[in-house]
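Beneath this line is the structure, given in structure tokens, with notes to follow.
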Amino acid sequence: MSSNFKEISINNHTFKVADISSISGLKKIPYSYRILAENVLRQKINNENDLADQQLEYILNSKVGSPVNFMPNRILSHDILGKVMLVDFLSYKEALEKKGIQSKNIQPKIPIDIVIDHSLQVDYFGSKDSVTKNLQKEYSRNSERFSFLRWCSKNLKNVKVIPPGVGICHQVNIEHLSKVIWNNDNILHPDTCVGTDSHTPMVNAIGVLGWGVGGIEAEVAMLGKSLSVALPEVIGIHLTNKCVEGVTSTDLVLTITELLRKHKVVGSFVEFFGDGVNSLSVGDRATISNMAPEYGSTAVLFPVDNMTLDYLEMTGRDKDQIKIVEEYSKIQNLWRVDGETPSYSRTINLDLSKVVPSVSGPKNPEDRLDLNKFSSLINEHSKNLYNRTVRTEEFKIDQQEENIKDGDIMIAAITSCTNTTNPKGMIAAGLVAKNLVEKGIQRNVNVKTSFAPGSQVTGTILEESGLQKYLDQLGFNVIGFGCTTCNGGSGPLPNNLANTIEDNKVFSVAILSGNRNFQGRIHPNIRASYLASPALVVCFSILGNVLKSFDKDSLGKDKNGNDVFLKDIWPTNQEIEDYVKKSYKPEFFISKYKEVSDGGQLWDELNIPKTDIYEWSEQSTYFKKPPYLDTVSEELSVESQIINVRPLVILGDSITTDHISPSNAITRGTAAGDYLESKGVKPEDFNNYTTRRAHHDVAMRATFANLRLRNKITPDKEGSFTIKYPEGKELRIFEAAMEYKKNNTTLAVFAGENYGCGSSRDTAAKGPLLLGVRIIVAKSFERIHRSNLIGMGLLPLQFQDGQGIEELNIEGSDVFDFINLDKINNENKQIEFKIKKQTGDIITAKLNVRLDTPEEIQYWQNGGILPMAWREEVRK
């Protein structure tokens, strides 16, 4: 293969490319491998990778698990993890200054787009002025954070901040930011990115290879360094036939999530092939790619094809750029060709005609349920979650005439880029609303309804199409443009309603068109959350209770007194398609994204610090200089053993990053709430946990603070509790950790399968570290979280097959020794593990070390990525 760039001509213009088309056997490997091959070859040509030839051999021969350097050309982020990433970066620069190193020139080397989307809450809903009021409320709560981000955009190179109210980062990325093919000084190459959010793979739907990482890992890319990737297996999903009438892309993605979780695709790349792919629009593909973290995949690539070009045209991309995308992809063998099937690590079959209308819940996206069986399963859900059958009894809401009962839907939200990016999903919801209103069905005022499109374009299109007025009449007024309910920003329920729910332990329900429904995430007073298509969310809001069935129960009476059922108001696929074609026009995308940096008066009036060095405020409860580099020395030493370790928590399977570092509203009576009150913050100004993650004193108190956490050390209690040994005293987890810290006791966390699934938030690694945790032992880890643990210097250890918490009888009173840590290397990935029981018995076992690449071993030995980067810079 050539060690130089090759010249090609497109649109009568000459470009250079790293020529992978001439590589023998390229067409046999998956498309995602082809993009990695181009990336590594370009590194070789640019003299950025001494191991490029070896790594290319790994890729071309599909040597799964082999280390490969990946150099993304940009970073995508949002205001929560982007803010934390930049806070860490500034502390890194300051730590270098203390060593006499001028850090002015230490700047981000690649573009960073930060979209402010995660702090919007549904405080106002059901009226035309909800958008304005919610945006004003967002600024009043978060102006300090927004000012910080604006300061960063002015004082750090390559940092661009998109103001609040524009949309959700992933939807803005696929509709506007992504170029598909990048032109860098007339060198063409595939657009690649990493994002500080686990749903970054959404952009895979248009052929862009990218995935979610933690903020710490993103900082490696920010410094212009490559990321070390253990080459993943690539799983091919063979799609046959097409979805039948009445089935939505949400039904499809929930089916895929259930299927791929069963096939254990964690850490893999996924690609789709077969005749069924041609039936999927880019909107459908985006919904599927978006939910990659829900089924555990790193990336879900749909190679460039005619559907991609149609989408780029629909979203107003430049015609010359579209031609470059087409010609480059064909020249480089990155264009999807029907009938050409690469060699995959394994394949899974899915007949699209077998997909049925679905919902997922009550606490995991993979828990898919047939819609026609849903209502009959609610009693089982109540028993499984709360050991109680649903009751027929009604409970009086104080100072109101209404009563509530088990199964009542309290929140119905059309939310999340997962579904609002898909034109068919949006039009279907609008047509369902139109049909309901025209039959005389009225809004159910007992349900908190909201609609938060993922971009202003979507809001404009629904308004211009004439469908938004029907959604408004059913309570689904646009409340803003951001993540809202999907990210735990559902806003408050009335106090008297919340008190009635809690006092009577009502089985309260949320229905949302989001991508996650983990316990405690959507709202503190919600017991069960179910995912559904936007159109079904509208219908559920009218139905009012999940014990009712769409097959048997009426949505109400029409104007003639006849019962109206779901089948009477559901639009046909052709109706939806016709509306999409006449409603989604390039001019809407072009006009709205011309204003992408215009935040309006509220944005312009932010008080931005005038200094070129950020000054930390001791009074701030949103920001605090992080301590991760405070005690780092130039010398590197690795402990041979960590002994007399106590368990802080012992957890079950599928512990999410929401369990570890929650995102919902901070409430009184929590460790974080107590801290904020001690600093003079009023409870109504607590905000949610996400907004305060750049303040490590809040973040550490938020760790394991999920209201629905189940700790096996306190099996009969739900919430943030543990037992402090040897005293046997029950405490909140934060207080127990502080007691252990006073005694210099090192802590560990034990868990089952899929530890750390869900969001990419690195506070789920930082929080445990701040509490004194050094080691996490689990049956398996989700990819991003395992990387975050290593990035913070925590050691991920995995039980060997056939072993686990129950098998080894691990208990809260046990003490643990971890031996031969200094012997960990590329050849030795096991350590000795001793369990010392209260009885005096000692159990010895082996644990597998989950440091999967040579770079990960170095990160852990250095105490994390930032200490390693600091040492490298100091030693120059």
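Following the order of the structure tokens, first chain is A, next is B, and so on, with residues numbered from 1 inside each chain and ligands from 1 in the order they appear.
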Secondary structure check, helix (DSSP H, G or I) residues of region 747-865 of chain A, as a ChimeraX atom specification: /A:763-771,783-791,821-823,854-861,865
Can I get the selection written as an mmCIF file, in the first residue's frame, with N, CA and C atoms?
data_model
loop_
_atom_site.group_PDB
_atom_site.id
_atom_site.type_symbol
_atom_site.label_atom_id
_atom_site.label_comp_id
_atom_site.auth_asym_id
_atom_site.auth_seq_id
_atom_site.Cartn_x
_atom_site.Cartn_y
_atom_site.Cartn_z
ATOM 1 N N THR A 763 -18.354 11.021 35.937
ATOM 2 C CA THR A 763 -18.532 11.162 37.384
ATOM 3 C C THR A 763 -18.880 9.824 38.028
ATOM 4 N N ALA A 764 -19.345 8.859 37.227
ATOM 5 C CA ALA A 764 -19.610 7.520 37.767
ATOM 6 C C ALA A 764 -18.308 6.787 38.068
ATOM 7 N N ALA A 765 -17.183 7.309 37.583
ATOM 8 C CA ALA A 765 -15.862 6.806 37.979
ATOM 9 C C ALA A 765 -15.210 7.754 38.985
ATOM 10 N N LYS A 766 -15.385 9.043 38.776
ATOM 11 C CA LYS A 766 -14.776 10.028 39.670
ATOM 12 C C LYS A 766 -15.382 9.961 41.069
ATOM 13 N N GLY A 767 -16.720 9.807 41.129
ATOM 14 C CA GLY A 767 -17.397 9.777 42.426
ATOM 15 C C GLY A 767 -16.876 8.674 43.331
ATOM 16 N N PRO A 768 -16.869 7.405 42.871
ATOM 17 C CA PRO A 768 -16.307 6.346 43.704
ATOM 18 C C PRO A 768 -14.865 6.612 44.110
ATOM 19 N N LEU A 769 -14.038 7.128 43.197
ATOM 20 C CA LEU A 769 -12.649 7.445 43.538
ATOM 21 C C LEU A 769 -12.587 8.449 44.680
ATOM 22 N N LEU A 770 -13.412 9.480 44.610
ATOM 23 C CA LEU A 770 -13.423 10.502 45.662
ATOM 24 C C LEU A 770 -13.891 9.938 47.005
ATOM 25 N N LEU A 771 -14.707 8.876 46.955
ATOM 26 C CA LEU A 771 -15.172 8.240 48.192
ATOM 27 C C LEU A 771 -14.141 7.275 48.779
ATOM 28 N N ARG A 783 -18.602 -1.050 28.124
ATOM 29 C CA ARG A 783 -17.341 -0.559 27.557
ATOM 30 C C ARG A 783 -16.941 0.827 28.047
ATOM 31 N N ILE A 784 -17.841 1.820 27.904
ATOM 32 C CA ILE A 784 -17.451 3.200 28.219
ATOM 33 C C ILE A 784 -17.105 3.337 29.691
ATOM 34 N N HIS A 785 -17.894 2.707 30.538
ATOM 35 C CA HIS A 785 -17.637 2.863 31.966
ATOM 36 C C HIS A 785 -16.316 2.213 32.366
ATOM 37 N N ARG A 786 -16.010 1.064 31.789
ATOM 38 C CA ARG A 786 -14.721 0.432 32.082
ATOM 39 C C ARG A 786 -13.579 1.376 31.687
ATOM 40 N N SER A 787 -13.696 2.019 30.529
ATOM 41 C CA SER A 787 -12.675 2.979 30.094
ATOM 42 C C SER A 787 -12.580 4.154 31.058
ATOM 43 N N ASN A 788 -13.731 4.628 31.543
ATOM 44 C CA ASN A 788 -13.726 5.736 32.498
ATOM 45 C C ASN A 788 -13.038 5.361 33.802
ATOM 46 N N LEU A 789 -13.296 4.131 34.280
ATOM 47 C CA LEU A 789 -12.650 3.679 35.504
ATOM 48 C C LEU A 789 -11.132 3.715 35.348
ATOM 49 N N ILE A 790 -10.652 3.173 34.232
ATOM 50 C CA ILE A 790 -9.206 3.143 33.982
ATOM 51 C C ILE A 790 -8.676 4.562 33.834
ATOM 52 N N GLY A 791 -9.440 5.407 33.155
ATOM 53 C CA GLY A 791 -9.024 6.789 32.957
ATOM 54 C C GLY A 791 -8.855 7.551 34.257
ATOM 55 N N LEU A 821 -0.433 -7.080 42.212
ATOM 56 C CA LEU A 821 -0.844 -6.034 41.286
ATOM 57 C C LEU A 821 0.330 -5.536 40.447
ATOM 58 N N ASP A 822 1.539 -5.594 41.004
ATOM 59 C CA ASP A 822 2.708 -5.127 40.261
ATOM 60 C C ASP A 822 3.145 -6.106 39.170
ATOM 61 N N LYS A 823 2.495 -7.264 39.129
ATOM 62 C CA LYS A 823 2.835 -8.267 38.102
ATOM 63 C C LYS A 823 1.934 -8.151 36.866
ATOM 64 N N PRO A 854 -2.151 -2.228 25.962
ATOM 65 C CA PRO A 854 -0.954 -1.747 26.674
ATOM 66 C C PRO A 854 -1.142 -0.338 27.220
ATOM 67 N N GLU A 855 -1.857 0.520 26.468
ATOM 68 C CA GLU A 855 -2.085 1.889 26.937
ATOM 69 C C GLU A 855 -2.941 1.910 28.192
ATOM 70 N N GLU A 856 -3.935 1.016 28.278
ATOM 71 C CA GLU A 856 -4.784 0.976 29.477
ATOM 72 C C GLU A 856 -3.972 0.572 30.701
ATOM 73 N N ILE A 857 -3.042 -0.323 30.531
ATOM 74 C CA ILE A 857 -2.165 -0.694 31.653
ATOM 75 C C ILE A 857 -1.375 0.531 32.111
ATOM 76 N N GLN A 858 -0.868 1.286 31.146
ATOM 77 C CA GLN A 858 -0.110 2.495 31.490
ATOM 78 C C GLN A 858 -0.993 3.522 32.195
ATOM 79 N N TYR A 859 -2.222 3.708 31.699
ATOM 80 C CA TYR A 859 -3.131 4.658 32.348
ATOM 81 C C TYR A 859 -3.330 4.278 33.813
ATOM 82 N N TRP A 860 -3.621 3.006 34.059
ATOM 83 C CA TRP A 860 -3.889 2.564 35.435
ATOM 84 C C TRP A 860 -2.638 2.720 36.297
ATOM 85 N N GLN A 861 -1.492 2.316 35.791
ATOM 86 C CA GLN A 861 -0.256 2.414 36.570
ATOM 87 C C GLN A 861 0.082 3.853 36.928
ATOM 88 N N ILE A 865 -5.461 8.915 33.219
ATOM 89 C CA ILE A 865 -5.007 9.554 31.982
ATOM 90 C C ILE A 865 -4.367 10.906 32.245
#
Name the residues in contact with Val270 (chain A) at a cut-off of 10 Å, using only C-alpha atoms, excluding same-chain residues fewer than 6 positions from it; report them as an NGL selection string. :A and (30 or 32 or 232-237 or 260 or 289 or 292 or 297-302 or 344 or 347)
Keeping only N, CA and C atoms, take the residues you just selected and write them out as a compact mmCIF listing (two decimals), in the first residue's frame.
# COMPACT_ATOMS: atom_id res chain seq x y z
N PRO A 30 -15.42 -5.64 7.09
CA PRO A 30 -16.57 -4.76 7.31
C PRO A 30 -16.24 -3.30 7.01
N SER A 32 -16.79 -0.63 8.76
CA SER A 32 -16.20 0.09 9.89
C SER A 32 -14.70 -0.18 9.97
N PRO A 232 -12.57 -4.22 17.93
CA PRO A 232 -13.77 -4.97 18.32
C PRO A 232 -14.20 -5.96 17.24
N GLU A 233 -14.95 -6.96 17.65
CA GLU A 233 -15.58 -7.80 16.64
C GLU A 233 -16.66 -6.98 15.95
N VAL A 234 -16.95 -7.32 14.70
CA VAL A 234 -18.02 -6.65 13.97
C VAL A 234 -19.12 -7.67 13.70
N ILE A 235 -20.30 -7.37 14.19
CA ILE A 235 -21.43 -8.27 14.08
C ILE A 235 -22.35 -7.79 12.97
N GLY A 236 -22.66 -8.66 12.04
CA GLY A 236 -23.55 -8.32 10.95
C GLY A 236 -24.98 -8.73 11.26
N ILE A 237 -25.90 -7.80 11.13
CA ILE A 237 -27.32 -8.08 11.35
C ILE A 237 -27.99 -8.20 9.98
N LEU A 260 -30.27 -7.89 20.59
CA LEU A 260 -28.81 -7.78 20.70
C LEU A 260 -28.32 -7.89 22.13
N SER A 289 -29.22 3.50 15.39
CA SER A 289 -27.85 3.81 15.79
C SER A 289 -27.80 4.54 17.13
N ALA A 292 -27.48 2.46 20.38
CA ALA A 292 -26.34 1.54 20.50
C ALA A 292 -25.98 1.25 21.96
N SER A 297 -23.54 -1.93 22.10
CA SER A 297 -22.59 -1.85 20.99
C SER A 297 -21.84 -0.52 21.03
N THR A 298 -20.58 -0.56 20.57
CA THR A 298 -19.78 0.66 20.51
C THR A 298 -20.22 1.56 19.36
N ALA A 299 -20.42 0.97 18.20
CA ALA A 299 -20.85 1.72 17.01
C ALA A 299 -21.81 0.88 16.20
N VAL A 300 -22.68 1.55 15.44
CA VAL A 300 -23.70 0.86 14.63
C VAL A 300 -23.70 1.53 13.26
N LEU A 301 -22.83 1.07 12.38
CA LEU A 301 -22.57 1.79 11.14
C LEU A 301 -23.50 1.36 10.01
N PHE A 302 -24.13 2.38 9.38
CA PHE A 302 -24.83 2.21 8.11
C PHE A 302 -23.96 2.90 7.06
N TYR A 344 -18.13 -11.04 8.53
CA TYR A 344 -18.37 -10.57 9.90
C TYR A 344 -17.92 -11.60 10.93
N THR A 347 -23.02 -13.39 12.63
CA THR A 347 -24.21 -12.76 12.06
C THR A 347 -25.45 -13.14 12.86
Which of region 37-281 of chain A counts as strand (DSSP E) under DSSP, as JSON, numbers by chain please? {"A": [67, 68, 69, 70, 74, 75, 76, 77, 78, 112, 113, 114, 115, 159, 160, 161, 162, 181, 182, 183, 184, 187, 188, 189, 190, 192, 193, 194, 195, 209, 210, 211, 212, 227, 228, 229, 230, 234, 235, 236, 237, 238, 239, 240, 269, 270, 271, 272, 273]}
Hey, could you make a per-residue contact list for region 594-701 of chain A against region 355-379 of chain A with 12 Å as the cut-off, showing the nearest pair of atoms and its distance in Å to one decimal, counting only C-alpha atoms, sorted by chain and number, as a Markdown table?
| residue | atom | partner | partner_atom | distance |
| --- | --- | --- | --- | --- |
| A:Asp653 | CA | A:Asn364 | CA | 11.6 |
| A:Ser654 | CA | A:Asn364 | CA | 8.8 |
| A:Ile655 | CA | A:Asn364 | CA | 10.6 |
| A:Thr656 | CA | A:Asn364 | CA | 9.7 |
| A:Asp658 | CA | A:Lys363 | CA | 11.6 |
| A:His659 | CA | A:Lys363 | CA | 11.8 |
Emit the selected residues as an mmCIF file, in the first residue's frame, including C-alpha atoms.
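Final output, saved to again_38.cif:
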data_model
loop_
_atom_site.group_PDB
_atom_site.id
_atom_site.type_symbol
_atom_site.label_atom_id
_atom_site.label_comp_id
_atom_site.auth_asym_id
_atom_site.auth_seq_id
_atom_site.Cartn_x
_atom_site.Cartn_y
_atom_site.Cartn_z
ATOM 1 C CA ASP A 653 -26.771 -7.008 37.524
ATOM 2 C CA SER A 654 -27.237 -4.110 35.103
ATOM 3 C CA ILE A 655 -26.117 -1.397 37.495
ATOM 4 C CA THR A 656 -26.361 1.730 35.392
ATOM 5 C CA ASP A 658 -27.695 6.422 36.807
ATOM 6 C CA HIS A 659 -27.449 4.167 39.851
#
Would you mind listing what lies within 12 Å of Pro626 (chain A) as a PyMOL selection string, with only C-alpha atoms counted and same-chain residues fewer than 2 positions away left out? chain A and resi 84-92+94-95+616+622-624+628-631+693-700+763+766-767+770+866
Can I get the selection written as a tab-separated table (two decimals), in the first residue's frame, with N, CA and C atoms?
chain	number	residue	atom	x	y	z
A	84	VAL	N	-17.50	19.46	32.31
A	84	VAL	CA	-16.60	18.71	33.19
A	84	VAL	C	-15.27	18.47	32.49
A	85	MET	N	-15.31	18.13	31.20
A	85	MET	CA	-14.10	17.91	30.41
A	85	MET	C	-13.23	19.16	30.40
A	86	LEU	N	-13.83	20.32	30.21
A	86	LEU	CA	-13.07	21.56	30.15
A	86	LEU	C	-12.55	21.97	31.52
A	87	VAL	N	-13.30	21.69	32.58
A	87	VAL	CA	-12.81	21.95	33.94
A	87	VAL	C	-11.56	21.13	34.21
A	88	ASP	N	-11.59	19.85	33.84
A	88	ASP	CA	-10.41	19.00	34.00
A	88	ASP	C	-9.23	19.54	33.19
A	89	PHE	N	-9.52	19.98	31.97
A	89	PHE	CA	-8.47	20.48	31.10
A	89	PHE	C	-7.82	21.73	31.69
A	90	LEU	N	-8.61	22.63	32.25
A	90	LEU	CA	-8.06	23.83	32.86
A	90	LEU	C	-7.21	23.49	34.09
A	91	SER	N	-7.66	22.50	34.87
A	91	SER	CA	-6.87	22.11	36.05
A	91	SER	C	-5.55	21.46	35.62
A	92	TYR	N	-5.58	20.76	34.49
A	92	TYR	CA	-4.36	20.15	33.93
A	92	TYR	C	-3.37	21.25	33.53
A	94	GLU	N	-3.23	24.26	34.75
A	94	GLU	CA	-2.73	24.90	35.97
A	94	GLU	C	-1.68	24.06	36.67
A	95	ALA	N	-1.87	22.74	36.65
A	95	ALA	CA	-0.88	21.84	37.27
A	95	ALA	C	0.46	21.93	36.55
A	616	TRP	N	-11.25	30.53	39.72
A	616	TRP	CA	-12.20	29.69	40.45
A	616	TRP	C	-12.80	30.48	41.61
A	622	TYR	N	-21.39	25.28	41.61
A	622	TYR	CA	-21.43	24.63	40.30
A	622	TYR	C	-20.03	24.22	39.83
A	623	PHE	N	-19.00	24.96	40.25
A	623	PHE	CA	-17.64	24.70	39.80
A	623	PHE	C	-16.69	24.67	41.00
A	624	LYS	N	-15.74	23.76	40.92
A	624	LYS	CA	-14.64	23.75	41.88
A	624	LYS	C	-13.45	23.09	41.21
A	628	TYR	N	-7.70	16.04	41.19
A	628	TYR	CA	-7.10	14.80	40.69
A	628	TYR	C	-5.59	14.89	40.42
A	629	LEU	N	-5.06	16.11	40.30
A	629	LEU	CA	-3.63	16.27	40.07
A	629	LEU	C	-2.91	16.91	41.26
A	630	ASP	N	-3.63	17.09	42.36
A	630	ASP	CA	-3.05	17.80	43.51
A	630	ASP	C	-1.86	17.08	44.11
A	631	THR	N	-1.90	15.74	44.13
A	631	THR	CA	-0.85	14.98	44.83
A	631	THR	C	0.01	14.14	43.89
A	693	ARG	N	-22.09	18.56	38.23
A	693	ARG	CA	-21.02	17.57	38.18
A	693	ARG	C	-19.62	18.17	38.09
A	694	ALA	N	-19.51	19.45	37.78
A	694	ALA	CA	-18.19	20.08	37.75
A	694	ALA	C	-17.74	20.55	39.13
A	695	HIS	N	-18.54	20.27	40.14
A	695	HIS	CA	-18.18	20.58	41.53
A	695	HIS	C	-18.03	19.24	42.24
A	696	HIS	N	-16.78	18.84	42.50
A	696	HIS	CA	-16.55	17.47	42.97
A	696	HIS	C	-17.10	17.22	44.37
A	697	ASP	N	-17.29	18.27	45.18
A	697	ASP	CA	-17.89	18.06	46.50
A	697	ASP	C	-19.36	17.65	46.38
A	698	VAL	N	-20.04	18.13	45.34
A	698	VAL	CA	-21.41	17.69	45.08
A	698	VAL	C	-21.38	16.32	44.42
A	699	ALA	N	-20.49	16.14	43.45
A	699	ALA	CA	-20.43	14.88	42.70
A	699	ALA	C	-20.15	13.69	43.61
A	700	MET	N	-19.29	13.86	44.60
A	700	MET	CA	-18.99	12.73	45.47
A	700	MET	C	-20.18	12.39	46.37
A	763	THR	N	-18.35	11.02	35.94
A	763	THR	CA	-18.53	11.16	37.38
A	763	THR	C	-18.88	9.82	38.03
A	766	LYS	N	-15.38	9.04	38.78
A	766	LYS	CA	-14.78	10.03	39.67
A	766	LYS	C	-15.38	9.96	41.07
A	767	GLY	N	-16.72	9.81	41.13
A	767	GLY	CA	-17.40	9.78	42.43
A	767	GLY	C	-16.88	8.67	43.33
A	770	LEU	N	-13.41	9.48	44.61
A	770	LEU	CA	-13.42	10.50	45.66
A	770	LEU	C	-13.89	9.94	47.01
A	866	LEU	N	-5.01	11.76	33.06
A	866	LEU	CA	-4.46	13.08	33.30
A	866	LEU	C	-3.10	13.03	34.01
Selected residue of minimal separation from Phe540 (chain A) among A:Ile522, A:Val777, A:Val447, A:Ile831, counting only C-alpha atoms: A:Val447
Determine, counting only C-alpha atoms, which protein, DNA and RNA residues have an atom within 6 Å of an atom of Ser760 (chain A); residues of the same chain fewer than 3 positions away are not included. Present the result as a list in words. Asp197, Ser198, Gly214 and Ile784 of chain A
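Counting only C-alpha atoms, the residue from A:Glu634, A:Val564, A:Thr418, A:Thr621 that sits nearest to Leu676 (chain A) is A:Thr621.
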Which is closer to Arg692 (chain A) than all the others in A:Thr421, A:Asn142, A:Thr248, A:Ser66, using only C-alpha atoms?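 Looking only at the distances to Arg692 (chain A), the closest residue turns out to be A:Asn142.
CA of Gln641 (chain A) is positioned 21.9 Å from CA of Pro726 (chain A).
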Find the spatial neighbours of region 465-480 of chain A, counting only C-alpha atoms, within a cut-off of 6 Å - ignore same-chain residues fewer than 5 positions away - and output them as a ChimeraX atom specification. /A:125-126,130-131,430,433-434,443,449-452,583
Show which residues sit within 9 Å of region 312-316 of chain A, as a ChimeraX atom specification. Count only C-alpha atoms, and ignore same-chain residues fewer than 6 positions away. /A:175-176,206,322,584-590
Could you pull the residues within 12 Å of Gln54 (chain A), counting only C-alpha atoms, minus those fewer than 2 positions along the same chain, as a list of chain:residue names?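 Near Gln54 (chain A), the qualifying residues are A:Ala37, A:Val40, A:Leu41, A:Lys44, A:Asn49, A:Asp50, A:Leu51, A:Ala52, A:Leu56, A:Glu57, A:Tyr58, A:Ile59, A:Leu60, A:Asn61, A:Lys63, A:Ser66, A:Pro67, A:Val68, A:Asn69.
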Resulting file, chosen residues, N, CA, C and O atoms, as an mmCIF file, in the first residue's frame:
data_model
loop_
_atom_site.group_PDB
_atom_site.id
_atom_site.type_symbol
_atom_site.label_atom_id
_atom_site.label_comp_id
_atom_site.auth_asym_id
_atom_site.auth_seq_id
_atom_site.Cartn_x
_atom_site.Cartn_y
_atom_site.Cartn_z
ATOM 1 N N ALA A 37 -9.023 1.421 8.809
ATOM 2 C CA ALA A 37 -7.828 1.230 7.981
ATOM 3 C C ALA A 37 -7.388 2.556 7.360
ATOM 4 O O ALA A 37 -6.191 2.883 7.332
ATOM 5 N N VAL A 40 -5.737 4.688 10.106
ATOM 6 C CA VAL A 40 -4.380 4.257 10.454
ATOM 7 C C VAL A 40 -3.411 4.553 9.304
ATOM 8 O O VAL A 40 -2.267 4.992 9.530
ATOM 9 N N LEU A 41 -3.845 4.331 8.061
ATOM 10 C CA LEU A 41 -2.983 4.625 6.915
ATOM 11 C C LEU A 41 -2.648 6.113 6.874
ATOM 12 O O LEU A 41 -1.497 6.494 6.587
ATOM 13 N N LYS A 44 -0.024 6.853 9.264
ATOM 14 C CA LYS A 44 1.277 6.410 8.741
ATOM 15 C C LYS A 44 1.860 7.455 7.793
ATOM 16 O O LYS A 44 3.047 7.824 7.900
ATOM 17 N N ASN A 49 2.206 7.422 13.568
ATOM 18 C CA ASN A 49 1.986 6.093 14.145
ATOM 19 C C ASN A 49 3.078 5.136 13.663
ATOM 20 O O ASN A 49 3.048 4.662 12.528
ATOM 21 N N ASP A 50 4.027 4.846 14.539
ATOM 22 C CA ASP A 50 5.136 3.956 14.183
ATOM 23 C C ASP A 50 4.686 2.506 14.021
ATOM 24 O O ASP A 50 5.411 1.694 13.436
ATOM 25 N N LEU A 51 3.517 2.176 14.548
ATOM 26 C CA LEU A 51 3.023 0.796 14.495
ATOM 27 C C LEU A 51 1.947 0.620 13.430
ATOM 28 O O LEU A 51 1.213 -0.362 13.437
ATOM 29 N N ALA A 52 1.844 1.582 12.516
ATOM 30 C CA ALA A 52 0.752 1.588 11.551
ATOM 31 C C ALA A 52 0.703 0.324 10.701
ATOM 32 O O ALA A 52 -0.376 -0.250 10.485
ATOM 33 N N LEU A 56 -2.460 -2.104 10.620
ATOM 34 C CA LEU A 56 -3.203 -2.365 9.383
ATOM 35 C C LEU A 56 -3.364 -3.860 9.148
ATOM 36 O O LEU A 56 -4.421 -4.320 8.704
ATOM 37 N N GLU A 57 -2.333 -4.630 9.473
ATOM 38 C CA GLU A 57 -2.435 -6.090 9.362
ATOM 39 C C GLU A 57 -3.500 -6.622 10.317
ATOM 40 O O GLU A 57 -4.270 -7.526 9.963
ATOM 41 N N TYR A 58 -3.553 -6.089 11.528
ATOM 42 C CA TYR A 58 -4.595 -6.503 12.479
ATOM 43 C C TYR A 58 -5.980 -6.268 11.887
ATOM 44 O O TYR A 58 -6.869 -7.129 11.966
ATOM 45 N N ILE A 59 -6.173 -5.082 11.299
ATOM 46 C CA ILE A 59 -7.487 -4.719 10.761
ATOM 47 C C ILE A 59 -7.839 -5.604 9.576
ATOM 48 O O ILE A 59 -8.945 -6.168 9.494
ATOM 49 N N LEU A 60 -6.910 -5.752 8.648
ATOM 50 C CA LEU A 60 -7.194 -6.504 7.417
ATOM 51 C C LEU A 60 -7.403 -7.984 7.682
ATOM 52 O O LEU A 60 -8.095 -8.666 6.927
ATOM 53 N N ASN A 61 -6.812 -8.476 8.783
ATOM 54 C CA ASN A 61 -6.980 -9.890 9.139
ATOM 55 C C ASN A 61 -7.967 -10.092 10.287
ATOM 56 O O ASN A 61 -8.071 -11.186 10.836
ATOM 57 N N LYS A 63 -8.104 -9.232 13.450
ATOM 58 C CA LYS A 63 -7.514 -9.742 14.693
ATOM 59 C C LYS A 63 -8.185 -9.048 15.879
ATOM 60 O O LYS A 63 -7.679 -8.064 16.427
ATOM 61 N N SER A 66 -6.820 -6.856 19.150
ATOM 62 C CA SER A 66 -5.503 -6.263 18.917
ATOM 63 C C SER A 66 -5.580 -4.739 19.034
ATOM 64 O O SER A 66 -6.584 -4.128 18.659
ATOM 65 N N PRO A 67 -4.507 -4.107 19.520
ATOM 66 C CA PRO A 67 -4.538 -2.647 19.699
ATOM 67 C C PRO A 67 -4.429 -1.901 18.372
ATOM 68 O O PRO A 67 -3.593 -2.227 17.526
ATOM 69 N N VAL A 68 -5.283 -0.905 18.201
ATOM 70 C CA VAL A 68 -5.291 -0.059 17.004
ATOM 71 C C VAL A 68 -5.418 1.389 17.460
ATOM 72 O O VAL A 68 -6.213 1.692 18.360
ATOM 73 N N ASN A 69 -4.637 2.278 16.851
ATOM 74 C CA ASN A 69 -4.735 3.697 17.171
ATOM 75 C C ASN A 69 -5.796 4.357 16.299
ATOM 76 O O ASN A 69 -5.760 4.239 15.070
#
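Of note, CA of Ile168 (chain A) and CA of Ile75 (chain A) are spaced 15.1 Å apart.
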